[in-house]
Amino acid sequence: MRGQGHWSEGVPDESITRDEAARLVRRLGRMLRPRAVPIVIASLLLTAQVATLLAGPVLVRWGIDSGLTAHDGSVLNRAALAYAALAVVGLVLGRAVTVLVARIGEGFLRELRGRLFRHLMSLSMGYFEREQTGRLVARMTSDIDALQELLSQGLVLMVQNVLLFVGAVVVIVVMSWQLALAVLVIVPPVYVSSRWFRRVSNVAYREVRDRIATNMSTLQESLEGIRVVQAFARESSFTTRFEATNEAQFDANLHTVRLSARYFPAVEFSSVAGTAIILGVGGAMVHADAISIGVVSAFVLYLNNLFEPIQQLSQFYNTVQSAGAALGKVFTLLDTQPTVDERPGAFDVPVGDLAIEVDGVSFSYAPDAPSVLDDVTLAIAAGERIALVGPTGAGKSTLAKLLARFYDPTAGRILLGGADLRDLTATSLRHALCVVPQEGYLFAGSLRENVRIGRVGATDADVDAAIAVLGLTERFAGFPQGLDSEVHEGGARLSAGERQLVSLARAALADPKILVLNEATSNLDPGTEHAVEAALEALMSGRTVIVVAHRLSTAARADRVAVVDGGGIAEIGTHDELVARGGRYAALYAAWQSHHAAH
């Protein structure tokens with residue numbers, strides 16, 4: 001929805017059809033099958049607990065009719081002791097059910113979170129470029145929370161209330177079908193009211209979730225962009241924007257309160273009316289010697305077992321709907337297949353020199369999207385250093401992503417050592433080829449831990465050696481605690497150049513045969529520019545290097561330069577050859593030189 005200058009897609013409709021619900025339940029049942037034994041035990045314990053609740057009014061009837069009315073103190077005492085013992089048994093059973101169901105539910109959710117995370121890690125790069133990070137985080141947080149509410153407490157309450165309602169109806173009909181008919185006449189209006197509340201509250205609570213999402217999005221966006229907000233003195237306008245979304249959330253919550261204020265007093269009134277009917281009709285039947293006083297007392301107690309389950313099940317419907325929708329989203333994510341995956345029979349990268357051949361490659365990011373690359377052919381010799389240059393949007397980075405197999409070509413093929421990239425195992429390809437992105441991302445932890453990401457099982461000595469190869473030992477030693485210095489998520493306290501030094505150290509630790517540098521020197525600060533360029537030169541030594549060059553000084557040092565323009569290779573040759581030719585590269589280089597001369 002659009003409002004107050006803020007864009008939000010809103011929360012999708014969370015209602016699910018019966019067919020969808022049936023499919024979700026069947027699939028959930030298959031996933032819960034390994035826990036069948038504890039589930040059966042929990043079900044038996046829950047049934048026993050409900051039986052204790054239903055047996056209570058029967059003991060009250062016995063105590064009144066056979067003890068109080070008959071003036072038999074021993075029967076009354078036995079009834080009181082039995083009622084107390086039944087309450088203790090019910091308490092023990094209730095706690096056992098709560099703990100057991102929580103263990104089942106939490107264990108299942110733990111495995112589901114692990115499975116979901118492993119699946120996310122296996123998906124292709126294109127998926128993460130299409131999907132919003134917030135949506136993926138929601139699968140692991142709010143959707144799992146919705147399932148947790150259902151599995152940990154909701155299912156127990158639902159089953160318990162169904163058993164209580166059915167059991168109470170059976171017992172009161174057996175006790176006195178005449179008085180039962182008089183009481184059950186109130187159930188249909190309560191049921192109709194509950195269906196109405198379920199329908200309108202579902203819409204209302206969905207609107208609340210929508211408003212919460214919009215409000216949280218506004219908050220998150222404002223905090224993430226706080227530097228821009230304060231730099232342009234826009235605090236007031238962003239505060240006004242948040243106040244608008246906050247007010248919308250307030251209104252949505254008040255609407256749910258108004259609905260509850262109409263429904264719950266009506267249910268309470270029905271309960272009072274039911275008690276009045278029992279006392280009136282039951283009193284008349286006692287006067288006519290049709291039933292006993294104990295039966296009337298038991299009916300009053302069973303009344304709660306009739307109305308409270310209907311009321312709780314109406315409230316619980318929204319939990320079921322939310323959990324069902326959340327489960328559907330989780331399953332949809334789990335069913336998403338990587339677009340770049342290993343073929344059956346994939347083999348490791350060949351040994352020896354690894355020449356690269358781009359053979360008639362075309363590519364578009366979506367089936368109905370225009371081609372970014374069209375029939376590109378390029379040969380890169382082992383050990384060669386080639387620069388990809390060209391205007392923004394020409395396809396340089398896309399070609400680099402294809403070479404790294406973040407995507408597969410729409411048409412054509414890319415060969416590495418004579419083997420199609422699609423026939424190679426992902427692990428061996430990542431060992432042979434390393435990508436250094438435009439900005440190095442740092443994870444929360446120490447500098448040493450961030451460098452160690454470059455190779456599984458690397459020792460401290462391996463990390464030190466990789467840093468020494470790049471000539472960065474003194475540079476890293478200059479941090480407050482050296483390589484043990486802690487950095488925050490994203491490396492917020494480090495400069496762009498310092499983050500890139502860590503990224504280069506990772507690549508050196510990985511020790512690949514092929515490097516893909518995606519504008520790795522485009523965002524350097526003056527304090528680290530020289531260190532990064534020196535480290536980069538050391539890293540490139542003896543390797544095949546593909547450089548997406550933003551700075552044409554980098555392209556000038558390459559063995560060859562390929563000008564990417566219009567989805568193809570417009571020119572290719574050495575720097576001197578292309579400048580002498582006076583074509584597109586010569587124009588780009590002249591413009592770059594004049595720009596830097598002016599600054």
# chains A, B, ... in the order shown; residues from 1 in each chain; ligands from 1

call {"tool": "residues_around", "arguments": {"residues": "segment 265-268 of chain A", "least_positions_apart": "3", "cutoff": "10 Å", "atoms": "only C-alpha atoms", "output": "PyMOL selection string"}}
result
chain A and resi 189-191+193-194+260-262+271-274+307-308+310-311

call {"tool": "closest_residue", "arguments": {"among": "A:Asp65, A:Glu571, A:Glu529, A:Asp375", "to": "Ile291 of chain A", "atoms": "only C-alpha atoms"}}
result
A:Asp65

call {"tool": "residues_around", "arguments": {"residues": "Asp464 of chain A", "least_positions_apart": "6", "cutoff": "12 Å", "atoms": "only C-alpha atoms", "output": "PyMOL selection string"}}
result
chain A and resi 447-449+451-452+458+470-474+476-477+482-484+505-506+508-509

call {"tool": "select_by_dssp", "arguments": {"residues": "segment 158-404 of chain A", "states": "strand (DSSP E)", "output": "compact mmCIF listing (two decimals) with all heavy atoms, in the first residue's frame"}}
result
# COMPACT_ATOMS: atom_id res chain seq x y z
N ILE A 356 40.21 -20.06 -20.07
CA ILE A 356 38.77 -19.78 -20.03
C ILE A 356 38.30 -19.46 -21.43
O ILE A 356 38.93 -18.66 -22.14
CB ILE A 356 38.46 -18.61 -19.07
CG1 ILE A 356 38.95 -18.94 -17.65
CG2 ILE A 356 36.97 -18.30 -19.06
CD1 ILE A 356 38.86 -17.76 -16.69
N GLU A 357 37.17 -20.05 -21.81
CA GLU A 357 36.61 -19.77 -23.13
C GLU A 357 35.12 -19.44 -22.98
O GLU A 357 34.35 -20.25 -22.47
CB GLU A 357 36.78 -20.97 -24.06
CG GLU A 357 36.28 -20.72 -25.48
CD GLU A 357 36.45 -21.92 -26.37
OE1 GLU A 357 37.10 -22.89 -25.94
OE2 GLU A 357 35.93 -21.89 -27.51
N VAL A 358 34.75 -18.24 -23.41
CA VAL A 358 33.34 -17.83 -23.44
C VAL A 358 32.87 -18.07 -24.87
O VAL A 358 33.33 -17.42 -25.81
CB VAL A 358 33.19 -16.35 -23.04
CG1 VAL A 358 31.73 -15.94 -23.07
CG2 VAL A 358 33.80 -16.10 -21.66
N ASP A 359 31.95 -19.00 -25.03
CA ASP A 359 31.57 -19.46 -26.37
C ASP A 359 30.12 -19.12 -26.68
O ASP A 359 29.19 -19.81 -26.24
CB ASP A 359 31.78 -20.99 -26.44
CG ASP A 359 31.46 -21.55 -27.81
OD1 ASP A 359 31.39 -20.77 -28.78
OD2 ASP A 359 31.29 -22.79 -27.91
N GLY A 360 29.91 -18.02 -27.42
CA GLY A 360 28.58 -17.65 -27.89
C GLY A 360 27.57 -17.44 -26.77
O GLY A 360 26.41 -17.86 -26.87
N VAL A 361 27.98 -16.77 -25.69
CA VAL A 361 27.14 -16.64 -24.50
C VAL A 361 26.15 -15.49 -24.63
O VAL A 361 26.52 -14.36 -24.99
CB VAL A 361 28.02 -16.44 -23.25
CG1 VAL A 361 27.19 -15.92 -22.08
CG2 VAL A 361 28.70 -17.74 -22.88
N SER A 362 24.89 -15.79 -24.35
CA SER A 362 23.84 -14.77 -24.21
C SER A 362 23.22 -14.94 -22.84
O SER A 362 23.21 -16.05 -22.28
CB SER A 362 22.78 -14.94 -25.29
OG SER A 362 23.33 -14.77 -26.58
N PHE A 363 22.68 -13.85 -22.29
CA PHE A 363 22.12 -13.93 -20.94
C PHE A 363 21.10 -12.83 -20.72
O PHE A 363 21.29 -11.68 -21.13
CB PHE A 363 23.23 -13.81 -19.89
CG PHE A 363 22.71 -13.86 -18.48
CD1 PHE A 363 22.33 -15.06 -17.91
CD2 PHE A 363 22.57 -12.70 -17.73
CE1 PHE A 363 21.84 -15.11 -16.62
CE2 PHE A 363 22.08 -12.72 -16.45
CZ PHE A 363 21.72 -13.94 -15.88
N LEU A 373 23.54 -9.69 -22.27
CA LEU A 373 24.66 -10.10 -23.13
C LEU A 373 24.09 -10.87 -24.32
O LEU A 373 23.12 -11.62 -24.18
CB LEU A 373 25.64 -10.98 -22.36
CG LEU A 373 26.35 -10.35 -21.16
CD1 LEU A 373 27.18 -11.41 -20.43
CD2 LEU A 373 27.23 -9.19 -21.59
N ASP A 374 24.71 -10.69 -25.46
CA ASP A 374 24.20 -11.33 -26.67
C ASP A 374 25.35 -11.89 -27.50
O ASP A 374 26.15 -11.14 -28.06
CB ASP A 374 23.39 -10.31 -27.49
CG ASP A 374 22.69 -10.94 -28.68
OD1 ASP A 374 22.46 -12.17 -28.65
OD2 ASP A 374 22.38 -10.21 -29.64
N ASP A 375 25.46 -13.21 -27.55
CA ASP A 375 26.43 -13.93 -28.40
C ASP A 375 27.86 -13.44 -28.15
O ASP A 375 28.58 -13.06 -29.08
CB ASP A 375 26.04 -13.78 -29.87
CG ASP A 375 26.76 -14.79 -30.75
OD1 ASP A 375 27.18 -15.84 -30.22
OD2 ASP A 375 26.92 -14.53 -31.96
N VAL A 376 28.27 -13.47 -26.87
CA VAL A 376 29.61 -13.02 -26.50
C VAL A 376 30.59 -14.18 -26.63
O VAL A 376 30.34 -15.27 -26.12
CB VAL A 376 29.63 -12.46 -25.06
CG1 VAL A 376 31.05 -12.13 -24.64
CG2 VAL A 376 28.73 -11.24 -24.95
N THR A 377 31.71 -13.93 -27.29
CA THR A 377 32.77 -14.92 -27.42
C THR A 377 34.08 -14.27 -26.98
O THR A 377 34.41 -13.16 -27.41
CB THR A 377 32.89 -15.42 -28.87
OG1 THR A 377 31.68 -16.09 -29.23
CG2 THR A 377 34.05 -16.39 -29.01
N LEU A 378 34.81 -14.97 -26.10
CA LEU A 378 36.03 -14.41 -25.53
C LEU A 378 36.92 -15.54 -25.06
O LEU A 378 36.44 -16.49 -24.42
CB LEU A 378 35.69 -13.48 -24.35
CG LEU A 378 36.83 -12.85 -23.58
CD1 LEU A 378 37.60 -11.87 -24.46
CD2 LEU A 378 36.29 -12.13 -22.34
N ALA A 379 38.20 -15.49 -25.35
CA ALA A 379 39.16 -16.49 -24.89
C ALA A 379 40.16 -15.83 -23.96
O ALA A 379 40.71 -14.76 -24.28
CB ALA A 379 39.88 -17.12 -26.08
N ILE A 380 40.39 -16.43 -22.79
CA ILE A 380 41.32 -15.90 -21.79
C ILE A 380 42.34 -17.00 -21.50
O ILE A 380 41.99 -18.09 -21.02
CB ILE A 380 40.59 -15.49 -20.50
CG1 ILE A 380 39.47 -14.50 -20.81
CG2 ILE A 380 41.57 -14.91 -19.49
CD1 ILE A 380 38.56 -14.21 -19.62
N ARG A 385 45.99 -11.53 -17.69
CA ARG A 385 45.28 -10.51 -16.93
C ARG A 385 44.47 -9.67 -17.92
O ARG A 385 45.03 -8.97 -18.75
CB ARG A 385 46.28 -9.63 -16.18
CG ARG A 385 45.67 -8.73 -15.14
CD ARG A 385 46.74 -7.92 -14.41
NE ARG A 385 47.70 -8.78 -13.69
CZ ARG A 385 48.69 -8.29 -12.95
NH1 ARG A 385 48.84 -6.98 -12.82
NH2 ARG A 385 49.52 -9.12 -12.35
N ILE A 386 43.13 -9.79 -17.83
CA ILE A 386 42.27 -9.10 -18.78
C ILE A 386 41.32 -8.18 -18.04
O ILE A 386 40.81 -8.52 -16.97
CB ILE A 386 41.50 -10.11 -19.66
CG1 ILE A 386 40.74 -9.39 -20.78
CG2 ILE A 386 40.54 -10.97 -18.83
CD1 ILE A 386 40.21 -10.31 -21.85
N ALA A 387 41.15 -6.99 -18.59
CA ALA A 387 40.26 -5.99 -17.97
C ALA A 387 39.00 -5.86 -18.81
O ALA A 387 39.05 -5.80 -20.05
CB ALA A 387 40.97 -4.65 -17.86
N LEU A 388 37.84 -5.81 -18.13
CA LEU A 388 36.56 -5.56 -18.78
C LEU A 388 36.16 -4.13 -18.48
O LEU A 388 36.00 -3.75 -17.31
CB LEU A 388 35.49 -6.53 -18.26
CG LEU A 388 35.80 -8.03 -18.35
CD1 LEU A 388 34.66 -8.85 -17.73
CD2 LEU A 388 36.02 -8.44 -19.80
N VAL A 389 36.03 -3.31 -19.50
CA VAL A 389 35.67 -1.91 -19.31
C VAL A 389 34.46 -1.60 -20.18
O VAL A 389 34.10 -2.37 -21.07
CB VAL A 389 36.84 -0.96 -19.68
CG1 VAL A 389 38.07 -1.27 -18.85
CG2 VAL A 389 37.15 -1.04 -21.17

call {"tool": "residues_around", "arguments": {"residues": "Ala562 of chain A", "least_positions_apart": "2", "cutoff": "12 Å", "atoms": "only C-alpha atoms", "output": "PyMOL selection string"}}
result
chain A and resi 376-380+385-390+394-396+399+546-549+552+555-556+558-560+564-565+568-575+577-578+584-585

call {"tool": "atom_distance", "arguments": {"atom1": "atom CA of Pro57 of chain A", "atom2": "atom CA of Trp177 of chain A"}}
result
16.5 Å

call {"tool": "closest_residue", "arguments": {"among": "A:Pro512, A:Val208, A:Thr239, A:Val286", "to": "Leu223 of chain A", "atoms": "only C-alpha atoms"}}
result
A:Thr239

call {"tool": "residues_around", "arguments": {"residues": "segment 103-110 of chain A", "least_positions_apart": "2", "cutoff": "7 Å", "atoms": "only C-alpha atoms", "output": "count of residues only"}}
result
9

call {"tool": "atom_distance", "arguments": {"atom1": "atom CA of Val169 of chain A", "atom2": "atom CA of Val295 of chain A"}}
result
13.9 Å

call {"tool": "select_by_dssp", "arguments": {"residues": "segment 353-566 of chain A", "states": "alpha helix (DSSP H)", "output": "ChimeraX atom specification"}}
result
/A:396-403,426-432,447-452,460-469,473-477,496-510,526-540,552-556

call {"tool": "residues_around", "arguments": {"residues": "segment 441-445 of chain A", "least_positions_apart": "5", "cutoff": "10 Å", "atoms": "only C-alpha atoms", "output": "ChimeraX atom specification"}}
result
/A:450-451,453,484-492,494,496,499-500,502-503

call {"tool": "residues_around", "arguments": {"residues": "Leu219 of chain A", "least_positions_apart": "6", "cutoff": "10 Å", "atoms": "only C-alpha atoms", "output": "JSON, numbers by chain"}}
result
{"A": [213, 225, 238, 239, 241, 242, 245, 246]}

call {"tool": "closest_residue", "arguments": {"among": "A:Phe331, A:Phe250, A:Phe232, A:Phe264", "to": "His119 of chain A", "atoms": "only C-alpha atoms"}}
result
A:Phe331

call {"tool": "decode", "arguments": {"residues": "segment 378-402 of chain A", "atoms": "N, CA, C and O atoms", "output": "short mmCIF file (atom, residue, chain, number, x, y, z; two decimals), in the first residue's frame"}}
result
data_model
loop_
_atom_site.label_atom_id
_atom_site.label_comp_id
_atom_site.auth_asym_id
_atom_site.auth_seq_id
_atom_site.Cartn_x
_atom_site.Cartn_y
_atom_site.Cartn_z
N LEU A 378 34.81 -14.97 -26.10
CA LEU A 378 36.03 -14.41 -25.53
C LEU A 378 36.92 -15.54 -25.06
O LEU A 378 36.44 -16.49 -24.42
N ALA A 379 38.20 -15.49 -25.35
CA ALA A 379 39.16 -16.49 -24.89
C ALA A 379 40.16 -15.83 -23.96
O ALA A 379 40.71 -14.76 -24.28
N ILE A 380 40.39 -16.43 -22.79
CA ILE A 380 41.32 -15.90 -21.79
C ILE A 380 42.34 -17.00 -21.50
O ILE A 380 41.99 -18.09 -21.02
N ALA A 381 43.59 -16.73 -21.78
CA ALA A 381 44.64 -17.73 -21.57
C ALA A 381 44.97 -17.87 -20.09
O ALA A 381 44.77 -16.93 -19.30
N ALA A 382 45.46 -19.03 -19.71
CA ALA A 382 45.87 -19.24 -18.32
C ALA A 382 46.99 -18.26 -17.97
O ALA A 382 47.94 -18.08 -18.73
N GLY A 383 46.86 -17.58 -16.81
CA GLY A 383 47.86 -16.61 -16.38
C GLY A 383 47.69 -15.24 -16.98
O GLY A 383 48.44 -14.32 -16.64
N GLU A 384 46.70 -15.05 -17.85
CA GLU A 384 46.50 -13.74 -18.48
C GLU A 384 45.72 -12.83 -17.55
O GLU A 384 44.88 -13.27 -16.75
N ARG A 385 45.99 -11.53 -17.69
CA ARG A 385 45.28 -10.51 -16.93
C ARG A 385 44.47 -9.67 -17.92
O ARG A 385 45.03 -8.97 -18.75
N ILE A 386 43.13 -9.79 -17.83
CA ILE A 386 42.27 -9.10 -18.78
C ILE A 386 41.32 -8.18 -18.04
O ILE A 386 40.81 -8.52 -16.97
N ALA A 387 41.15 -6.99 -18.59
CA ALA A 387 40.26 -5.99 -17.97
C ALA A 387 39.00 -5.86 -18.81
O ALA A 387 39.05 -5.80 -20.05
N LEU A 388 37.84 -5.81 -18.13
CA LEU A 388 36.56 -5.56 -18.78
C LEU A 388 36.16 -4.13 -18.48
O LEU A 388 36.00 -3.75 -17.31
N VAL A 389 36.03 -3.31 -19.50
CA VAL A 389 35.67 -1.91 -19.31
C VAL A 389 34.46 -1.60 -20.18
O VAL A 389 34.10 -2.37 -21.07
N GLY A 390 33.85 -0.47 -19.91
CA GLY A 390 32.70 -0.06 -20.70
C GLY A 390 31.77 0.81 -19.88
O GLY A 390 31.95 0.97 -18.66
N PRO A 391 30.76 1.39 -20.52
CA PRO A 391 29.83 2.27 -19.81
C PRO A 391 28.99 1.50 -18.80
O PRO A 391 28.89 0.26 -18.86
N THR A 392 28.36 2.22 -17.89
CA THR A 392 27.48 1.61 -16.89
C THR A 392 26.32 0.89 -17.58
O THR A 392 25.70 1.42 -18.49
N GLY A 393 26.05 -0.34 -17.12
CA GLY A 393 24.95 -1.11 -17.69
C GLY A 393 25.28 -1.84 -18.96
O GLY A 393 24.39 -2.44 -19.59
N ALA A 394 26.55 -1.83 -19.36
CA ALA A 394 26.93 -2.47 -20.61
C ALA A 394 26.98 -3.99 -20.49
O ALA A 394 26.89 -4.70 -21.49
N GLY A 395 27.12 -4.52 -19.26
CA GLY A 395 27.17 -5.96 -19.06
C GLY A 395 28.48 -6.48 -18.50
O GLY A 395 28.70 -7.70 -18.46
N LYS A 396 29.37 -5.58 -18.07
CA LYS A 396 30.68 -6.00 -17.54
C LYS A 396 30.51 -6.90 -16.32
O LYS A 396 31.06 -8.01 -16.27
N SER A 397 29.78 -6.41 -15.32
CA SER A 397 29.60 -7.19 -14.09
C SER A 397 28.83 -8.47 -14.35
O SER A 397 29.09 -9.50 -13.71
N THR A 398 27.88 -8.42 -15.27
CA THR A 398 27.11 -9.63 -15.61
C THR A 398 28.03 -10.69 -16.18
O THR A 398 27.94 -11.87 -15.82
N LEU A 399 28.94 -10.29 -17.08
CA LEU A 399 29.89 -11.24 -17.64
C LEU A 399 30.78 -11.83 -16.55
O LEU A 399 31.07 -13.04 -16.54
N ALA A 400 31.21 -10.99 -15.60
CA ALA A 400 32.03 -11.47 -14.50
C ALA A 400 31.26 -12.47 -13.64
O ALA A 400 31.80 -13.48 -13.19
N LYS A 401 29.96 -12.23 -13.42
CA LYS A 401 29.14 -13.15 -12.63
C LYS A 401 28.98 -14.49 -13.34
O LYS A 401 28.95 -15.55 -12.71
N LEU A 402 28.88 -14.44 -14.66
CA LEU A 402 28.78 -15.68 -15.43
C LEU A 402 30.09 -16.46 -15.36
O LEU A 402 30.08 -17.69 -15.24
#
